file input_37.pdb (PDB, C-alpha atoms and all ligand atoms)
ATOM      1  CA  MET A   1       0.000   0.000   0.000
ATOM      2  CA  GLU A   2       1.257   3.512  -0.861
ATOM      3  CA  PHE A   3       1.617   6.114   1.871
ATOM      4  CA  ARG A   4       1.518   9.855   1.623
ATOM      5  CA  ASP A   5       4.987  11.441   1.978
ATOM      6  CA  ASP A   6       4.386  13.066   5.380
ATOM      7  CA  ILE A   7       2.984   9.792   6.754
ATOM      8  CA  ALA A   8       5.893   7.799   5.310
ATOM      9  CA  GLU A   9       8.269  10.222   7.029
ATOM     10  CA  LEU A  10       6.546   9.734  10.397
ATOM     11  CA  MET A  11       6.710   5.964   9.914
ATOM     12  CA  SER A  12      10.399   6.120   9.007
ATOM     13  CA  LYS A  13      11.168   7.743  12.382
ATOM     14  CA  CYS A  14       9.737   4.790  14.308
ATOM     15  CA  VAL A  15      12.480   2.745  15.991
ATOM     16  CA  GLY A  16      10.196  -0.216  16.739
ATOM     17  CA  CYS A  17      10.589   0.034  20.518
ATOM     18  CA  GLY A  18       7.024  -1.216  21.056
ATOM     19  CA  ARG A  19       6.142   1.219  23.830
ATOM     20  CA  CYS A  20       3.019   2.319  21.936
ATOM     21  CA  LEU A  21       1.854  -1.296  21.879
ATOM     22  CA  GLU A  22       2.309  -1.627  25.635
ATOM     23  CA  VAL A  23       0.000   1.301  26.403
ATOM     24  CA  CYS A  24      -2.477   0.943  23.535
ATOM     25  CA  THR A  25      -6.003   0.916  24.961
ATOM     26  CA  SER A  26      -7.416  -0.848  21.928
ATOM     27  CA  HIS A  27      -4.703  -3.528  21.678
ATOM     28  CA  SER A  28      -5.257  -4.619  25.267
ATOM     29  CA  HIS A  29      -8.863  -5.363  24.250
ATOM     30  CA  GLY A  30      -7.921  -7.319  21.135
ATOM     31  CA  GLY A  31      -8.019  -4.301  18.833
ATOM     32  CA  CYS A  32      -5.383  -2.489  16.797
ATOM     33  CA  ASN A  33      -1.603  -2.986  16.696
ATOM     34  CA  PRO A  34       0.180   0.388  16.367
ATOM     35  CA  LEU A  35       3.595  -1.264  16.035
ATOM     36  CA  GLU A  36       2.471  -3.171  12.939
ATOM     37  CA  VAL A  37       0.905  -0.014  11.505
ATOM     38  CA  MET A  38       4.151   1.914  11.978
ATOM     39  CA  GLY A  39       5.864  -0.938  10.159
ATOM     40  CA  GLY A  40       3.610  -0.452   7.133
ATOM     41  CA  LYS A  41       0.650  -2.758   7.782
ATOM     42  CA  LEU A  42      -2.120  -0.173   7.730
ATOM     43  CA  GLU A  43      -4.828  -2.838   8.102
ATOM     44  CA  SER A  44      -3.663  -3.330  11.709
ATOM     45  CA  ALA A  45      -5.166   0.065  12.590
ATOM     46  CA  LYS A  46      -8.598  -1.601  12.735
ATOM     47  CA  GLY A  47     -10.006  -0.991  16.188
ATOM     48  CA  CYS A  48      -7.970   2.161  16.941
ATOM     49  CA  ILE A  49     -10.104   4.421  19.136
ATOM     50  CA  GLY A  50      -7.918   7.509  18.709
ATOM     51  CA  CYS A  51      -7.197   7.778  22.442
ATOM     52  CA  GLY A  52      -3.671   9.116  21.884
ATOM     53  CA  MET A  53      -1.965   6.989  24.556
ATOM     54  CA  CYS A  54       0.609   5.982  21.932
ATOM     55  CA  ASN A  55       1.593   9.636  21.449
ATOM     56  CA  THR A  56       2.191  10.088  25.167
ATOM     57  CA  VAL A  57       4.945   7.432  25.257
ATOM     58  CA  CYS A  58       6.574   7.783  21.835
ATOM     59  CA  GLU A  59       9.802   9.799  21.872
ATOM     60  CA  PHE A  60      10.513   9.515  18.156
ATOM     61  CA  THR A  61       7.450  10.169  16.043
ATOM     62  CA  VAL A  62       3.674  10.796  16.131
ATOM     63  CA  PRO A  63       1.963   7.383  15.969
ATOM     64  CA  LYS A  64      -1.571   8.676  16.483
ATOM     65  CA  ARG A  65      -1.385  10.758  13.318
ATOM     66  CA  VAL A  66      -0.319   7.661  11.372
ATOM     67  CA  MET A  67      -3.080   5.614  12.992
ATOM     68  CA  LEU A  68      -5.829   8.076  12.074
ATOM     69  CA  TYR A  69      -4.506   8.237   8.520
ATOM     70  CA  ALA A  70      -4.503   4.423   8.388
ATOM     71  CA  VAL A  71      -8.083   4.166   9.692
ATOM     72  CA  CYS A  72      -9.207   6.701   7.087
ATOM     73  CA  LYS A  73      -7.329   5.026   4.247
ATOM     74  CA  VAL A  74      -8.191   1.409   5.082
ATOM     75  CA  ASN A  75     -11.887   2.262   5.400
ATOM     76  CA  GLY A  76     -11.885   4.362   2.206
ATOM     77  CA  MET A  77     -13.231   7.396   4.090
ATOM     78  CA  SER A  78     -13.445  10.889   2.626
ATOM     79  CA  VAL A  79     -14.844  14.268   3.626
ATOM     80  CA  THR A  80     -18.526  13.788   4.388
ATOM     81  CA  GLN A  81     -21.535  15.072   2.474
ATOM     82  CA  ALA A  82     -22.667  16.768   5.694
ATOM     83  CA  TYR A  83     -19.419  18.784   5.761
ATOM     84  CA  ARG A  84     -19.882  19.882   2.168
ATOM     85  CA  GLU A  85     -23.435  20.994   2.916
ATOM     86  CA  THR A  86     -23.116  22.448   6.427
ATOM     87  CA  GLY A  87     -19.439  22.926   7.300
ATOM     88  CA  TYR A  88     -19.795  20.279  10.026
ATOM     89  CA  ASN A  89     -18.604  16.690   9.744
ATOM     90  CA  LEU A  90     -21.926  15.353  11.083
ATOM     91  CA  PRO A  91     -25.504  16.354  10.212
ATOM     92  CA  PRO A  92     -27.065  18.854  12.644
ATOM     93  CA  SER A  93     -29.420  17.713  15.400
ATOM     94  CA  ASP A  94     -33.173  18.058  14.881
ATOM     95  CA  MET A  95     -33.790  18.454  18.640
ATOM     96  CA  GLU A  96     -36.488  21.033  19.343
ATOM     97  CA  ASP A  97     -36.768  23.751  22.002
ATOM     98  CA  VAL A  98     -33.079  23.695  22.860
ATOM     99  CA  PRO A  99     -32.247  26.735  25.046
ATOM    100  CA  ALA A 100     -30.430  29.443  23.102
ATOM    101  CA  PRO A 101     -27.057  30.781  24.249
ATOM    102  CA  HIS A 102     -26.905  34.506  25.118
ATOM    103  CA  TYR A 103     -24.065  35.368  22.760
ATOM    104  CA  MET A 104     -22.672  38.904  22.883
ATOM    105  CA  MET A 105     -21.903  40.554  19.547
ATOM    106  CA  GLY A 106     -18.420  42.055  19.516
ATOM    107  CA  ALA A 107     -17.188  39.959  22.483
ATOM    108  CA  ASP A 108     -13.452  39.481  22.946
ATOM    109  CA  ALA A 109     -13.731  35.751  22.355
ATOM    110  CA  GLN A 110     -15.728  33.199  20.381
ATOM    111  CA  LEU A 111     -17.136  29.830  21.404
ATOM    112  CA  MET A 112     -16.697  26.918  19.009
ATOM    113  CA  PRO A 113     -19.451  24.310  19.499
ATOM    114  CA  GLY A 114     -17.848  21.585  17.358
ATOM    115  CA  CYS A 115     -19.447  18.820  15.294
ATOM    116  CA  LEU A 116     -20.449  16.464  18.120
ATOM    117  CA  VAL A 117     -22.312  19.183  20.002
ATOM    118  CA  VAL A 118     -24.079  20.534  16.924
ATOM    119  CA  SER A 119     -25.081  17.022  15.899
ATOM    120  CA  GLN A 120     -25.845  15.221  19.162
ATOM    121  CA  ALA A 121     -26.037  17.566  22.140
ATOM    122  CA  PRO A 122     -26.752  21.144  20.980
ATOM    123  CA  TYR A 123     -27.860  22.173  24.480
ATOM    124  CA  LEU A 124     -24.204  21.942  25.630
ATOM    125  CA  GLU A 125     -23.591  25.128  23.647
ATOM    126  CA  TYR A 126     -26.072  26.954  25.909
ATOM    127  CA  ALA A 127     -24.522  25.482  29.058
ATOM    128  CA  THR A 128     -21.017  26.419  27.980
ATOM    129  CA  GLU A 129     -21.872  29.962  26.919
ATOM    130  CA  ARG A 130     -23.658  30.520  30.260
ATOM    131  CA  ALA A 131     -20.709  29.136  32.249
ATOM    132  CA  LEU A 132     -18.234  31.306  30.360
ATOM    133  CA  SER A 133     -20.383  34.402  30.939
ATOM    134  CA  LEU A 134     -20.498  33.575  34.647
ATOM    135  CA  VAL A 135     -16.693  33.649  34.904
ATOM    136  CA  GLY A 136     -16.524  36.951  33.000
ATOM    137  CA  ALA A 137     -15.891  35.641  29.502
ATOM    138  CA  PRO A 138     -18.886  36.435  27.276
ATOM    139  CA  THR A 139     -18.530  35.094  23.757
ATOM    140  CA  GLU A 140     -19.744  35.339  20.195
ATOM    141  CA  ARG A 141     -20.533  32.125  18.357
ATOM    142  CA  PHE A 142     -17.784  30.720  16.120
ATOM    143  CA  GLU A 143     -19.399  30.097  12.748
ATOM    144  CA  GLY A 144     -16.396  28.457  11.049
ATOM    145  CA  GLY A 145     -17.714  24.889  11.415
ATOM    146  CA  CYS A 146     -15.491  21.820  11.725
ATOM    147  CA  CYS A 147     -11.855  21.813  12.929
ATOM    148  CA  THR A 148     -10.956  18.872  10.602
ATOM    149  CA  TYR A 149      -9.856  16.631  13.493
ATOM    150  CA  ALA A 150     -12.274  13.853  12.533
ATOM    151  CA  VAL A 151     -11.009  10.725  10.744
ATOM    152  CA  PRO A 152     -12.722  11.467   7.370
ATOM    153  CA  PHE A 153     -10.376  14.486   6.992
ATOM    154  CA  ARG A 154      -7.227  12.416   7.492
ATOM    155  CA  GLY A 155      -7.002  11.602   3.807
ATOM    156  CA  LEU A 156      -6.295  15.293   3.170
ATOM    157  CA  THR A 157      -2.719  16.529   3.449
ATOM    158  CA  GLU A 158      -1.701  18.552   6.488
ATOM    159  CA  GLU A 159      -1.454  21.595   4.196
ATOM    160  CA  GLU A 160      -5.031  21.091   2.979
ATOM    161  CA  ARG A 161      -6.355  20.749   6.515
ATOM    162  CA  ASP A 162      -4.327  23.746   7.626
ATOM    163  CA  ALA A 163      -5.849  25.854   4.834
ATOM    164  CA  LEU A 164      -9.395  24.802   5.818
ATOM    165  CA  LYS A 165      -8.759  25.720   9.466
ATOM    166  CA  ARG A 166      -7.224  29.092   8.667
ATOM    167  CA  LYS A 167     -10.145  29.963   6.412
ATOM    168  CA  ALA A 168     -12.639  28.897   9.076
ATOM    169  CA  ALA A 169     -10.846  31.103  11.608
ATOM    170  CA  GLU A 170     -10.819  34.299   9.506
ATOM    171  CA  PRO A 171     -13.876  35.870  11.263
ATOM    172  CA  LEU A 172     -12.083  35.444  14.584
ATOM    173  CA  LYS A 173      -9.758  38.287  13.611
ATOM    174  CA  GLY A 174      -7.144  37.185  16.143
ATOM    175  CA  ARG A 175      -9.542  36.835  19.071
ATOM    176  CA  LYS A 176      -9.511  33.986  21.571
ATOM    177  CA  LEU A 177     -11.381  30.792  20.699
ATOM    178  CA  TYR A 178     -12.883  28.605  23.431
ATOM    179  CA  THR A 179     -13.810  25.047  22.551
ATOM    180  CA  ILE A 180     -16.059  22.401  24.104
ATOM    181  CA  CYS A 181     -13.956  19.610  22.571
ATOM    182  CA  SER A 182     -10.236  19.015  23.134
ATOM    183  CA  GLY A 183      -9.768  17.866  19.564
ATOM    184  CA  CYS A 184     -11.023  21.222  18.281
ATOM    185  CA  ALA A 185      -8.593  23.143  20.506
ATOM    186  CA  ASP A 186      -5.624  20.963  19.572
ATOM    187  CA  GLU A 187      -6.363  21.188  15.867
ATOM    188  CA  MET A 188      -6.883  24.931  15.817
ATOM    189  CA  CYS A 189      -3.698  25.514  17.838
ATOM    190  CA  LEU A 190      -1.730  23.458  15.312
ATOM    191  CA  SER A 191      -2.709  26.095  12.740
ATOM    192  CA  GLY A 192      -1.603  28.986  14.929
ATOM    193  CA  ILE A 193      -5.070  29.889  16.232
ATOM    194  CA  ASP A 194      -5.341  30.974  19.878
ATOM    195  CA  ALA A 195      -7.719  28.231  21.022
ATOM    196  CA  GLU A 196      -8.211  26.403  24.317
ATOM    197  CA  HIS A 197     -10.644  24.026  25.965
ATOM    198  CA  VAL A 198     -13.101  25.871  28.235
ATOM    199  CA  ILE A 199     -11.850  24.179  31.412
ATOM    200  CA  HIS A 200      -8.862  26.528  31.487
ATOM    201  CA  ARG A 201     -10.978  29.699  31.417
ATOM    202  CA  LEU A 202     -13.487  28.314  33.915
ATOM    203  CA  HIS A 203     -10.738  27.400  36.342
ATOM    204  CA  GLN A 204      -9.084  30.801  35.951
ATOM    205  CA  ASP A 205     -12.054  32.493  37.696
ATOM    206  CA  ILE A 206     -13.072  29.609  39.909
ATOM    207  CA  ASP A 207     -13.994  31.943  42.811
ATOM    208  CA  ARG A 208     -17.071  33.055  40.848
ATOM    209  CA  ILE A 209     -18.172  29.433  40.725
ATOM    210  CA  ARG A 210     -17.651  29.090  44.493
ATOM    211  CA  GLU A 211     -20.130  31.956  45.036
ATOM    212  CA  LEU A 212     -22.985  30.029  43.358
ATOM    213  CA  PRO A 213     -25.793  28.360  45.380
ATOM    214  CA  GLY A 214     -24.143  25.042  44.477
ATOM    215  CA  ILE A 215     -25.243  21.466  43.850
ATOM    216  CA  ARG A 216     -24.622  18.549  46.228
ATOM    217  CA  LEU A 217     -23.715  15.480  44.208
ATOM    218  CA  ARG A 218     -21.184  12.686  44.420
ATOM    219  CA  VAL A 219     -19.501  12.819  41.047
ATOM    220  CA  ALA A 220     -16.794  10.901  39.213
ATOM    221  CA  ILE A 221     -14.796  12.689  36.542
ATOM    222  CA  GLN A 222     -13.716  11.526  33.106
ATOM    223  CA  THR A 223     -11.811  14.357  31.472
ATOM    224  CA  GLY A 224     -11.666  12.706  28.050
ATOM    225  CA  CYS A 225      -8.422  11.661  26.376
ATOM    226  CA  GLY A 226      -7.321  15.168  25.395
ATOM    227  CA  GLN A 227      -7.506  16.655  28.907
ATOM    228  CA  ARG A 228      -6.024  13.822  30.981
ATOM    229  CA  ASP A 229      -3.394  16.092  32.526
ATOM    230  CA  GLN A 230      -6.048  18.649  33.517
ATOM    231  CA  LEU A 231      -7.959  16.346  35.866
ATOM    232  CA  TRP A 232      -7.027  18.545  38.824
ATOM    233  CA  LYS A 233      -8.785  21.539  37.247
ATOM    234  CA  PHE A 234     -11.940  19.512  36.635
ATOM    235  CA  ARG A 235     -11.819  18.276  40.205
ATOM    236  CA  GLU A 236     -11.451  21.787  41.644
ATOM    237  CA  VAL A 237     -14.250  23.171  39.457
ATOM    238  CA  ALA A 238     -16.557  20.304  40.501
ATOM    239  CA  GLU A 239     -15.721  20.926  44.166
ATOM    240  CA  ALA A 240     -16.332  24.658  43.666
ATOM    241  CA  CYS A 241     -19.828  23.661  42.471
ATOM    242  CA  GLY A 242     -20.410  21.970  45.853
ATOM    243  CA  CYS A 243     -19.793  18.377  44.733
ATOM    244  CA  GLU A 244     -17.910  15.558  46.379
ATOM    245  CA  VAL A 245     -15.518  14.058  43.844
ATOM    246  CA  ILE A 246     -14.832  10.342  44.106
ATOM    247  CA  ASP A 247     -11.709   8.806  42.606
ATOM    248  CA  ALA A 248     -12.156   6.965  39.327
ATOM    249  CA  GLU A 249      -9.681   5.444  36.928
ATOM    250  CA  GLN A 250      -9.315   7.676  33.867
ATOM    251  CA  GLY A 251      -9.701   6.095  30.458
ATOM    252  CA  CYS A 252     -11.128   6.305  26.981
ATOM    253  CA  CYS A 253     -14.893   5.959  26.515
ATOM    254  CA  GLY A 254     -14.170   3.737  23.520
ATOM    255  CA  LYS A 255     -15.780   6.006  20.905
ATOM    256  CA  LEU A 256     -17.876   3.851  18.551
ATOM    257  CA  VAL A 257     -15.557   0.945  17.783
ATOM    258  CA  PRO A 258     -17.569  -2.320  17.817
ATOM    259  CA  ARG A 259     -17.024  -4.603  20.838
ATOM    260  CA  ILE A 260     -14.056  -2.602  22.202
ATOM    261  CA  SER A 261     -16.315   0.345  23.014
ATOM    262  CA  GLY A 262     -18.689  -1.853  25.000
ATOM    263  CA  GLU A 263     -15.870  -3.422  27.028
ATOM    264  CA  LEU A 264     -14.258  -0.065  27.793
ATOM    265  CA  MET A 265     -17.542   1.539  28.757
ATOM    266  CA  ALA A 266     -18.374  -1.354  31.097
ATOM    267  CA  GLU A 267     -14.973  -0.885  32.796
ATOM    268  CA  ARG A 268     -15.552   2.850  33.160
ATOM    269  CA  GLN A 269     -19.039   2.382  34.592
ATOM    270  CA  GLU A 270     -17.798  -0.199  37.126
ATOM    271  CA  SER A 271     -15.049   2.142  38.338
ATOM    272  CA  MET A 272     -17.652   4.884  38.932
ATOM    273  CA  LYS A 273     -20.510   2.837  40.365
ATOM    274  CA  ASP A 274     -20.615   4.831  43.624
ATOM    275  CA  ALA A 275     -21.150   8.177  41.888
ATOM    276  CA  ASP A 276     -24.497   9.961  41.415
ATOM    277  CA  ALA A 277     -23.282  11.271  38.072
ATOM    278  CA  ILE A 278     -20.292  11.231  35.735
ATOM    279  CA  VAL A 279     -18.821  14.602  34.808
ATOM    280  CA  VAL A 280     -16.985  14.734  31.482
ATOM    281  CA  GLY A 281     -14.874  17.225  29.570
ATOM    282  CA  CYS A 282     -15.430  15.828  26.087
ATOM    283  CA  PRO A 283     -18.602  15.913  23.954
ATOM    284  CA  SER A 284     -17.759  12.546  22.401
ATOM    285  CA  CYS A 285     -17.518  10.985  25.881
ATOM    286  CA  PHE A 286     -20.730  12.787  26.775
ATOM    287  CA  ALA A 287     -22.619  11.180  23.895
ATOM    288  CA  ARG A 288     -21.227   7.701  24.611
ATOM    289  CA  TYR A 289     -22.018   7.838  28.359
ATOM    290  CA  ASP A 290     -25.479   9.250  27.746
ATOM    291  CA  GLN A 291     -26.269   6.501  25.233
ATOM    292  CA  TYR A 292     -24.943   3.626  27.347
ATOM    293  CA  PRO A 293     -27.874   1.470  28.540
ATOM    294  CA  GLU A 294     -28.260   1.365  32.339
ATOM    295  CA  GLY A 295     -25.317   3.723  32.809
ATOM    296  CA  LYS A 296     -24.948   6.599  35.247
ATOM    297  CA  PRO A 297     -26.330  10.034  34.356
ATOM    298  CA  VAL A 298     -23.682  12.178  32.682
ATOM    299  CA  LEU A 299     -23.034  15.921  32.771
ATOM    300  CA  TYR A 300     -20.655  17.969  30.665
ATOM    301  CA  ILE A 301     -18.565  20.116  33.044
ATOM    302  CA  THR A 302     -20.421  23.320  32.105
ATOM    303  CA  GLU A 303     -23.764  21.666  32.839
ATOM    304  CA  LEU A 304     -22.533  21.017  36.370
ATOM    305  CA  ILE A 305     -21.896  24.761  36.722
ATOM    306  CA  LEU A 306     -25.361  25.414  35.289
ATOM    307  CA  LEU A 307     -26.861  23.159  37.967
ATOM    308  CA  ALA A 308     -24.851  24.996  40.623
ATOM    309  CA  MET A 309     -26.474  28.183  39.299
ATOM    310  CA  GLY A 310     -29.912  26.594  39.748
ATOM    311  CA  ASP A 311     -30.513  26.200  35.999
ATOM    312  CA  ARG A 312     -31.765  22.700  35.035
ATOM    313  CA  SER A 313     -32.784  23.609  31.500
ATOM    314  CA  THR A 314     -30.409  21.158  29.777
ATOM    315  CA  VAL A 315     -30.807  17.991  31.865
ATOM    316  CA  GLY A 316     -34.247  17.215  30.423
ATOM    317  CA  PHE A 317     -32.566  16.507  27.064
ATOM    318  CA  HIS A 318     -30.485  13.674  28.519
ATOM    319  CA  ARG A 319     -31.538  10.048  28.262
ATOM    320  CA  ARG A 320     -31.085   9.835  32.043
ATOM    321  CA  ALA A 321     -31.494  13.078  33.953
ATOM    322  CA  VAL A 322     -29.475  13.594  37.105
ATOM    323  CA  GLN A 323     -31.693  14.003  40.207
TER     324      GLN A 323
HETATM  325  S1  LIG B 401       5.649   4.537  17.160
HETATM  326 FE1  LIG B 401       7.036   5.336  18.744
HETATM  327  S2  LIG B 401       6.524   4.117  20.578
HETATM  328 FE2  LIG B 401       5.663   3.007  18.820
HETATM  329  S3  LIG B 401       7.255   1.524  18.227
HETATM  330 FE3  LIG B 401       7.578   3.377  16.989
HETATM  331  S4  LIG B 401       9.067   4.603  18.105
HETATM  332 FE4  LIG B 401       8.264   3.082  19.557
HETATM  333  S1  LIG B 402      -4.657   6.176  19.413
HETATM  334 FE1  LIG B 402      -5.083   4.822  21.207
HETATM  335  S2  LIG B 402      -6.087   3.020  20.306
HETATM  336 FE2  LIG B 402      -5.081   4.118  18.613
HETATM  337  S3  LIG B 402      -3.047   3.172  18.443
HETATM  338 FE3  LIG B 402      -2.809   4.945  19.788
HETATM  339  S4  LIG B 402      -3.040   4.086  21.842
HETATM  340 FE4  LIG B 402      -3.874   2.565  20.428
END

call {"tool": "encode", "arguments": {"input": "input_37.pdb", "output": "structure tokens"}}
result
Amino acid sequence: MEFRDDIAELMSKCVGCGRCLEVCTSHSHGGCNPLEVMGGKLESAKGCIGCGMCNTVCEFTVPKRVMLYAVCKVNGMSVTQAYRETGYNLPPSDMEDVPAPHYMMGADAQLMPGCLVVSQAPYLEYATERALSLVGAPTERFEGGCCTYAVPFRGLTEEERDALKRKAAEPLKGRKLYTICSGCADEMCLSGIDAEHVIHRLHQDIDRIRELPGIRLRVAIQTGCGQRDQLWKFREVAEACGCEVIDAEQGCCGKLVPRISGELMAERQESMKDADAIVVGCPSCFARYDQYPEGKPVLYITELILLAMGDRSTVGFHRRAVQ
């Protein structure tokens, strides 16, 4: 199989140490084999969940980028029809009566909802805009659409994706961009855009959260793969909301990979069985936890702040509402 030049270069830097294999979440559940993929067997990417654990241990190259390329190529994926029609990788939700964010025209920052939110949980946009306003960061809506992180874009060259991101970011005019999804922030930053996941801004003015009426819940936190090293900020924000945070092993929700996703989600649920609710920092995790049969109720971190404010207007959209 032929590889694109930039991918071949990343593969050529692999020294075959096998550390990626040792930590691979999917491989330990009978899924992909990143070592074989780096050696040229792209078919071995089957079952990769894009968790990025391989990147955290590799000192020589960027295995996750090769893996996502391999998944795209092996499955013959290309940019979706939805993206061509709407600018988002997934079709928009048809949910009705979703509360509308109170965006402020001319604000110093914009809020990027991202494809998952627009498609599966549009009410998280309201929750996140409200939480940002609370901590003194009103926003305008980012209308640039998708960040190109998703697998169907991985058949494009890095230059092509970079051009799409820069064009999407033109209306920002150099302003700050807050994102609900880690993937969006990472992708936009790679193209020189000043983007960050909302947890950083929320934590910056955490005293304003402490002044809220609060919500008494026992919660477990899953930051999502992209914010693993920010668990302490999630914990402090949840505690500022009035919650007791119980320890839970961090790990990938499993995305939508057959069989592996179910096993991973069962492990996650077991490790959090004593919690009233699971608090997440990733919209993809949010969707998976909300859809898991018999699972715990889930809240995106900004919904927890909304509850601490006394606003329950998003929880009615969940499959299981927190009490
Ligand atoms: S991708 Fe990195 S961690 Fe994996 S075998 Fe190659 S050099 Fe080692
Ligand atoms: S992204 Fe995750 S599942 Fe995919 S190869 Fe890396 S560690 Fe394994």

call {"tool": "atom_distance", "arguments": {"input": "input_37.pdb", "atom1": "CA of Gly242 (chain A)", "atom2": "CA of Leu212 (chain A)"}}
result
8.8 Å

call {"tool": "residues_near_ligand", "arguments": {"input": "input_37.pdb", "ligand": "ligand LIG 401 (chain B)", "cutoff": "7 Å", "atoms": "all atoms listed in the file", "output": "PyMOL selection string"}}
result
chain A and resi 13-21+34-35+38+54+57-63

call {"tool": "closest_residue", "arguments": {"input": "input_37.pdb", "among": "A:Ile260, A:Cys241, A:Cys181, A:Cys146", "to": "Arg84 (chain A)", "atoms": "all atoms listed in the file"}}
result
A:Cys146

call {"tool": "closest_residue", "arguments": {"input": "input_37.pdb", "among": "A:Asp207, A:Glu96, A:Glu170, A:Glu36", "to": "ligand LIG 402 (chain B)", "atoms": "all atoms listed in the file"}}
result
A:Glu36

call {"tool": "resolve_selection", "arguments": {"input": "input_37.pdb", "expression": "the PyMOL selection byres (((chain A and resi 286-299) around 8) and not hetatm)", "output": "VMD selection string"}}
result
chain A and resid 120 to 121 253 255 to 256 265 269 273 275 to 285 300 to 304 318 to 322

call {"tool": "residues_near_ligand", "arguments": {"input": "input_37.pdb", "ligand": "ligand LIG 402 (chain B)", "cutoff": "9 Å", "atoms": "all atoms listed in the file", "output": "ChimeraX atom specification"}}
result
/A:20-28,31-35,37,45-56,63-68,252,254

call {"tool": "residues_around", "arguments": {"input": "input_37.pdb", "residues": "Val198 (chain A)", "least_positions_apart": "6", "cutoff": "12 Å", "atoms": "all atoms listed in the file", "output": "PyMOL selection string"}}
result
chain A and resi 109-113+125+127-133+135+137+139+176-182+184-185+204-205+227+230+233-234+237+281-282+300-302

call {"tool": "atom_distance", "arguments": {"input": "input_37.pdb", "atom1": "CA of His29 (chain A)", "atom2": "CA of Gln222 (chain A)"}}
result
19.7 Å

call {"tool": "resolve_selection", "arguments": {"input": "input_37.pdb", "expression": "the PyMOL selection byres (((chain A and resi 169) around 12) and not hetatm)", "output": "JSON, numbers by chain"}}
result
{"A": [110, 111, 112, 141, 142, 143, 144, 145, 146, 147, 162, 163, 164, 165, 166, 167, 168, 170, 171, 172, 173, 174, 175, 176, 177, 184, 187, 188, 189, 191, 192, 193, 194, 195]}

call {"tool": "decode", "arguments": {"input": "input_37.pdb", "residues": "region 101-112 of chain A", "atoms": "N, CA, C and O atoms", "output": "mmCIF file, in the first residue's frame"}}
result
data_model
loop_
_atom_site.group_PDB
_atom_site.id
_atom_site.type_symbol
_atom_site.label_atom_id
_atom_site.label_comp_id
_atom_site.auth_asym_id
_atom_site.auth_seq_id
_atom_site.Cartn_x
_atom_site.Cartn_y
_atom_site.Cartn_z
ATOM 1 N N PRO A 101 -28.118 30.052 23.541
ATOM 2 C CA PRO A 101 -27.057 30.781 24.249
ATOM 3 C C PRO A 101 -27.293 32.290 24.147
ATOM 4 O O PRO A 101 -27.935 32.766 23.213
ATOM 5 N N HIS A 102 -26.761 33.046 25.116
ATOM 6 C CA HIS A 102 -26.905 34.506 25.118
ATOM 7 C C HIS A 102 -25.627 35.136 24.571
ATOM 8 O O HIS A 102 -24.906 35.823 25.291
ATOM 9 N N TYR A 103 -25.319 34.860 23.326
ATOM 10 C CA TYR A 103 -24.065 35.368 22.760
ATOM 11 C C TYR A 103 -24.040 36.893 22.757
ATOM 12 O O TYR A 103 -25.089 37.540 22.644
ATOM 13 N N MET A 104 -22.838 37.447 22.857
ATOM 14 C CA MET A 104 -22.672 38.904 22.883
ATOM 15 C C MET A 104 -21.893 39.344 21.636
ATOM 16 O O MET A 104 -20.710 39.004 21.493
ATOM 17 N N MET A 105 -22.570 40.061 20.756
ATOM 18 C CA MET A 105 -21.903 40.554 19.547
ATOM 19 C C MET A 105 -20.718 41.426 19.938
ATOM 20 O O MET A 105 -20.827 42.263 20.838
ATOM 21 N N GLY A 106 -19.592 41.235 19.256
ATOM 22 C CA GLY A 106 -18.420 42.055 19.516
ATOM 23 C C GLY A 106 -17.613 41.629 20.726
ATOM 24 O O GLY A 106 -16.697 42.346 21.151
ATOM 25 N N ALA A 107 -17.936 40.433 21.310
ATOM 26 C CA ALA A 107 -17.188 39.959 22.483
ATOM 27 C C ALA A 107 -15.720 39.720 22.122
ATOM 28 O O ALA A 107 -15.367 39.576 20.953
ATOM 29 N N ASP A 108 -14.896 39.657 23.156
ATOM 30 C CA ASP A 108 -13.452 39.481 22.946
ATOM 31 C C ASP A 108 -13.066 38.049 22.574
ATOM 32 O O ASP A 108 -11.898 37.774 22.302
ATOM 33 N N ALA A 109 -14.035 37.158 22.642
ATOM 34 C CA ALA A 109 -13.731 35.751 22.355
ATOM 35 C C ALA A 109 -14.916 35.102 21.654
ATOM 36 O O ALA A 109 -16.035 35.620 21.708
ATOM 37 N N GLN A 110 -14.649 33.970 20.993
ATOM 38 C CA GLN A 110 -15.728 33.199 20.381
ATOM 39 C C GLN A 110 -15.766 31.802 20.992
ATOM 40 O O GLN A 110 -14.759 31.321 21.512
ATOM 41 N N LEU A 111 -16.946 31.197 20.924
ATOM 42 C CA LEU A 111 -17.136 29.830 21.404
ATOM 43 C C LEU A 111 -17.395 28.915 20.209
ATOM 44 O O LEU A 111 -18.318 29.155 19.424
ATOM 45 N N MET A 112 -16.572 27.887 20.112
ATOM 46 C CA MET A 112 -16.697 26.918 19.009
ATOM 47 C C MET A 112 -17.484 25.714 19.504
ATOM 48 O O MET A 112 -17.002 24.984 20.377
#
